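*Asks:* Here it is, the structure in full.
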Amino acid sequence: MDDIADAATMVSVRPHDRETPPTSLFQLALGGDFDALPAPVQSLHTVQDRHSWTGRAKVTRGSSAFANLLCRLIGFPSERDETPLTVTIERRDNKESWTRCFGSSEFRSVLSLRDSEGAGHIHERFGLMGFDINLQRAQDQLHFPVARGTLLGIPLPNWLLPRSEAMETAEGGRFQFDITISLPGIGLLVRYHGWLEPVRNDD
């Protein structure tokens with residue numbers, strides 16, 4: 001009888017019997033490159049249900065009327081020397097809903113896997129606009145160059161396709177970001193850069 005009880009105990013604690021958390025969107029997209037990213041970058045992109053990060057950011061907007069029109073269309077924040085920033089990420093199946101609050105200004109996007117796992121390809125939708133992004137890891141940085149874009153499902157011509165110089169990394173153990181979005185012939189649309197730390201005890 002003791003042997004049977006011992007065997008039952010061993011079965012109950014086998015590691016493979018425990019529930020394994022689902023792979024996050026960025027883990028699916030990046031494959032092995034995900035594990036080579038700095039720990040704070042991995043942490044921000046390891047979303048199983050919902051988590052929030054908070055920090056500070058500086059926002060610079062382009063000066064042209066057309067640039068500001070596009071920024072309003074997408075929902076980018078207005079220019080600020082320094083502002084509180086909260087980023088909340090919610091996972092729904094294999095999609096992530098991102099809510100970014102720059103002070104009282106908020107804009108949202110939805111990220112999803114674009115095609116095969118490990119290819120580094122994601123899709124990000126801002127309201128009526130959508131963008132295909134080819135994630136690229138360069139040493140301890142993650143970059144987000146835009147490959148294609150659509151408006152109302154219609155492909156954008158190259159002269160209307162934003163250029164993204166977006167980078168995430170870590171410095172001093174803290175998540176850092178620097179996002180610059182420009183348009184050929186127009187110049188800067190928006191740049192926002194700063195840092196984030198995880199909010200503890202998310203509900």
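So you can find residues: chains in the structure tokens are A, B, ... in the order shown, residues in each start at 1, and ligands are numbered from 1 in order.
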Excluding A:Arg108 and any residue of its chain fewer than 2 positions from it, enumerate the residues within 10 Å of it, using only C-alpha atoms, and give them as a compact mmCIF listing (two decimals) with all heavy atoms, in the first residue's frame.
*Replies:*
```
# COMPACT_ATOMS: atom_id res chain seq x y z
N ILE A 74 -4.47 59.20 -36.53
CA ILE A 74 -3.98 57.98 -35.88
C ILE A 74 -4.23 58.02 -34.38
O ILE A 74 -4.46 56.98 -33.75
CB ILE A 74 -2.48 57.79 -36.18
CG1 ILE A 74 -2.27 57.60 -37.69
CG2 ILE A 74 -1.90 56.61 -35.42
CD1 ILE A 74 -0.81 57.57 -38.10
N GLY A 75 -4.21 59.22 -33.80
CA GLY A 75 -4.42 59.35 -32.36
C GLY A 75 -3.16 59.58 -31.56
O GLY A 75 -3.15 59.38 -30.34
N PHE A 76 -2.06 60.00 -32.23
CA PHE A 76 -0.82 60.24 -31.51
C PHE A 76 -0.97 61.41 -30.53
O PHE A 76 -1.76 62.33 -30.77
CB PHE A 76 0.31 60.55 -32.49
CG PHE A 76 0.77 59.36 -33.29
CD1 PHE A 76 1.03 59.47 -34.65
CD2 PHE A 76 0.97 58.13 -32.68
CE1 PHE A 76 1.46 58.38 -35.39
CE2 PHE A 76 1.41 57.03 -33.41
CZ PHE A 76 1.65 57.16 -34.75
N VAL A 87 1.17 52.53 -19.90
CA VAL A 87 0.89 51.60 -21.00
C VAL A 87 0.24 50.36 -20.41
O VAL A 87 0.83 49.71 -19.54
CB VAL A 87 2.17 51.22 -21.76
CG1 VAL A 87 1.86 50.19 -22.86
CG2 VAL A 87 2.83 52.46 -22.36
N THR A 88 -0.97 50.05 -20.86
CA THR A 88 -1.67 48.85 -20.41
C THR A 88 -1.86 47.92 -21.60
O THR A 88 -2.33 48.34 -22.66
CB THR A 88 -3.05 49.20 -19.82
OG1 THR A 88 -2.86 50.06 -18.68
CG2 THR A 88 -3.78 47.93 -19.37
N ILE A 89 -1.45 46.67 -21.43
CA ILE A 89 -1.52 45.67 -22.49
C ILE A 89 -2.46 44.56 -22.04
O ILE A 89 -2.28 43.99 -20.96
CB ILE A 89 -0.13 45.09 -22.81
CG1 ILE A 89 0.88 46.22 -23.07
CG2 ILE A 89 -0.20 44.15 -24.01
CD1 ILE A 89 2.32 45.74 -23.17
N SER A 97 -4.14 44.20 -27.06
CA SER A 97 -4.70 45.55 -27.11
C SER A 97 -3.84 46.46 -26.25
O SER A 97 -3.71 46.22 -25.03
CB SER A 97 -6.15 45.54 -26.62
OG SER A 97 -6.68 46.85 -26.59
N TRP A 98 -3.22 47.46 -26.87
CA TRP A 98 -2.34 48.40 -26.16
C TRP A 98 -3.06 49.74 -25.96
O TRP A 98 -3.56 50.31 -26.93
CB TRP A 98 -1.07 48.65 -26.98
CG TRP A 98 -0.09 47.51 -26.99
CD1 TRP A 98 -0.34 46.20 -27.30
CD2 TRP A 98 1.31 47.60 -26.69
NE1 TRP A 98 0.82 45.46 -27.22
CE2 TRP A 98 1.84 46.28 -26.85
CE3 TRP A 98 2.15 48.64 -26.32
CZ2 TRP A 98 3.18 46.01 -26.63
CZ3 TRP A 98 3.49 48.37 -26.12
CH2 TRP A 98 4.00 47.06 -26.27
N THR A 99 -3.09 50.20 -24.73
CA THR A 99 -3.63 51.52 -24.40
C THR A 99 -2.51 52.36 -23.81
O THR A 99 -1.94 52.00 -22.78
CB THR A 99 -4.80 51.42 -23.41
OG1 THR A 99 -5.82 50.58 -23.95
CG2 THR A 99 -5.39 52.81 -23.14
N ARG A 100 -2.18 53.45 -24.48
CA ARG A 100 -1.10 54.33 -24.05
C ARG A 100 -1.72 55.65 -23.58
O ARG A 100 -2.39 56.33 -24.36
CB ARG A 100 -0.11 54.58 -25.18
CG ARG A 100 0.45 53.31 -25.82
CD ARG A 100 1.07 53.63 -27.16
NE ARG A 100 1.62 52.48 -27.87
CZ ARG A 100 0.90 51.68 -28.66
NH1 ARG A 100 -0.40 51.93 -28.85
NH2 ARG A 100 1.47 50.65 -29.28
N CYS A 101 -1.48 56.02 -22.33
CA CYS A 101 -2.02 57.26 -21.77
C CYS A 101 -0.86 58.22 -21.48
O CYS A 101 -0.09 58.00 -20.55
CB CYS A 101 -2.80 56.98 -20.49
SG CYS A 101 -4.27 55.97 -20.73
N GLU A 106 -4.99 59.76 -24.69
CA GLU A 106 -4.94 58.31 -24.82
C GLU A 106 -5.02 57.89 -26.28
O GLU A 106 -5.77 58.47 -27.05
CB GLU A 106 -6.11 57.70 -24.04
CG GLU A 106 -6.25 56.19 -24.15
CD GLU A 106 -7.46 55.68 -23.39
OE1 GLU A 106 -7.45 55.77 -22.14
OE2 GLU A 106 -8.42 55.22 -24.03
N VAL A 110 -4.09 47.68 -31.73
CA VAL A 110 -4.22 46.23 -31.54
C VAL A 110 -3.14 45.53 -32.35
O VAL A 110 -3.00 45.79 -33.56
CB VAL A 110 -5.61 45.73 -31.98
CG1 VAL A 110 -5.70 44.21 -31.85
CG2 VAL A 110 -6.71 46.40 -31.14
N ARG A 125 -2.87 47.75 -35.69
CA ARG A 125 -4.01 48.52 -36.20
C ARG A 125 -4.29 49.70 -35.28
O ARG A 125 -4.46 49.55 -34.08
CB ARG A 125 -5.25 47.64 -36.32
CG ARG A 125 -6.50 48.37 -36.78
CD ARG A 125 -7.62 47.42 -37.10
NE ARG A 125 -7.92 46.52 -36.00
CZ ARG A 125 -8.69 46.84 -34.95
NH1 ARG A 125 -9.20 48.05 -34.84
NH2 ARG A 125 -8.92 45.96 -33.99
N PHE A 126 -4.30 50.91 -35.88
CA PHE A 126 -4.68 52.14 -35.20
C PHE A 126 -5.98 52.64 -35.83
O PHE A 126 -5.95 53.30 -36.87
CB PHE A 126 -3.63 53.24 -35.37
CG PHE A 126 -2.28 52.94 -34.77
CD1 PHE A 126 -1.32 52.27 -35.50
CD2 PHE A 126 -1.96 53.35 -33.49
CE1 PHE A 126 -0.07 52.00 -34.97
CE2 PHE A 126 -0.71 53.09 -32.95
CZ PHE A 126 0.23 52.42 -33.70
N GLY A 127 -7.12 52.32 -35.26
CA GLY A 127 -8.37 52.79 -35.83
C GLY A 127 -8.55 52.34 -37.26
O GLY A 127 -8.60 51.15 -37.56
```
*Asks:* Quick one: everything within 9 Å of A:Arg114, counting only C-alpha atoms, minus sequence neighbours fewer than 4 positions away in the same chain. Send it as a PyMOL selection string.
*Replies:* chain A and resi 29+120-123+132-133
*Asks:* Sort by chain and increasing residue number a table of all residues of stretch 47-139 of chain A within 7 Å of stretch 175-191 of chain A, each with its closest pair of atoms and their distance in Å to one decimal, counting only C-alpha atoms, and write it as a Markdown table.
*Replies:*
```
| residue | atom | partner | partner_atom | distance |
| --- | --- | --- | --- | --- |
| A:Val59 | CA | A:Arg191 | CA | 5.7 |
| A:Thr60 | CA | A:Arg191 | CA | 5.1 |
| A:Arg61 | CA | A:Val190 | CA | 4.4 |
| A:Gly62 | CA | A:Leu189 | CA | 4.6 |
| A:Ala67 | CA | A:Leu189 | CA | 5.1 |
| A:Asn68 | CA | A:Leu189 | CA | 6.9 |
| A:Cys71 | CA | A:Leu189 | CA | 6.6 |
```
*Asks:* Which neighbours of A:Pro84 fall inside 9 Å, counting only C-alpha atoms, when residues of the same chain fewer than 3 positions from it are skipped, and could you give them as a list in words?
*Replies:*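 Near A:Pro84, the qualifying residues are Thr54, Gly55, Arg56, Ala57, Cys101, Phe102, Gly103 and Ser104 of chain A.
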*Asks:* Record the distance separating atom CA of A:His45 and atom CA of A:Leu142, expressed in Å with one decimal.
*Replies:*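 For atom CA of A:His45 relative to atom CA of A:Leu142, the distance reads 11.2 Å.
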*Asks:* Between atom CA of A:Val146 and atom CA of A:Leu111, measure the distance and give it in Å to one decimal.
*Replies:* 13.3 Å
*Asks:* Write out as a ChimeraX atom specification all residues of stretch 28-106 of chain A that DSSP puts in alpha helix (DSSP H) for this structure's backbone.
*Replies:* /A:28-30,39-44,65-74
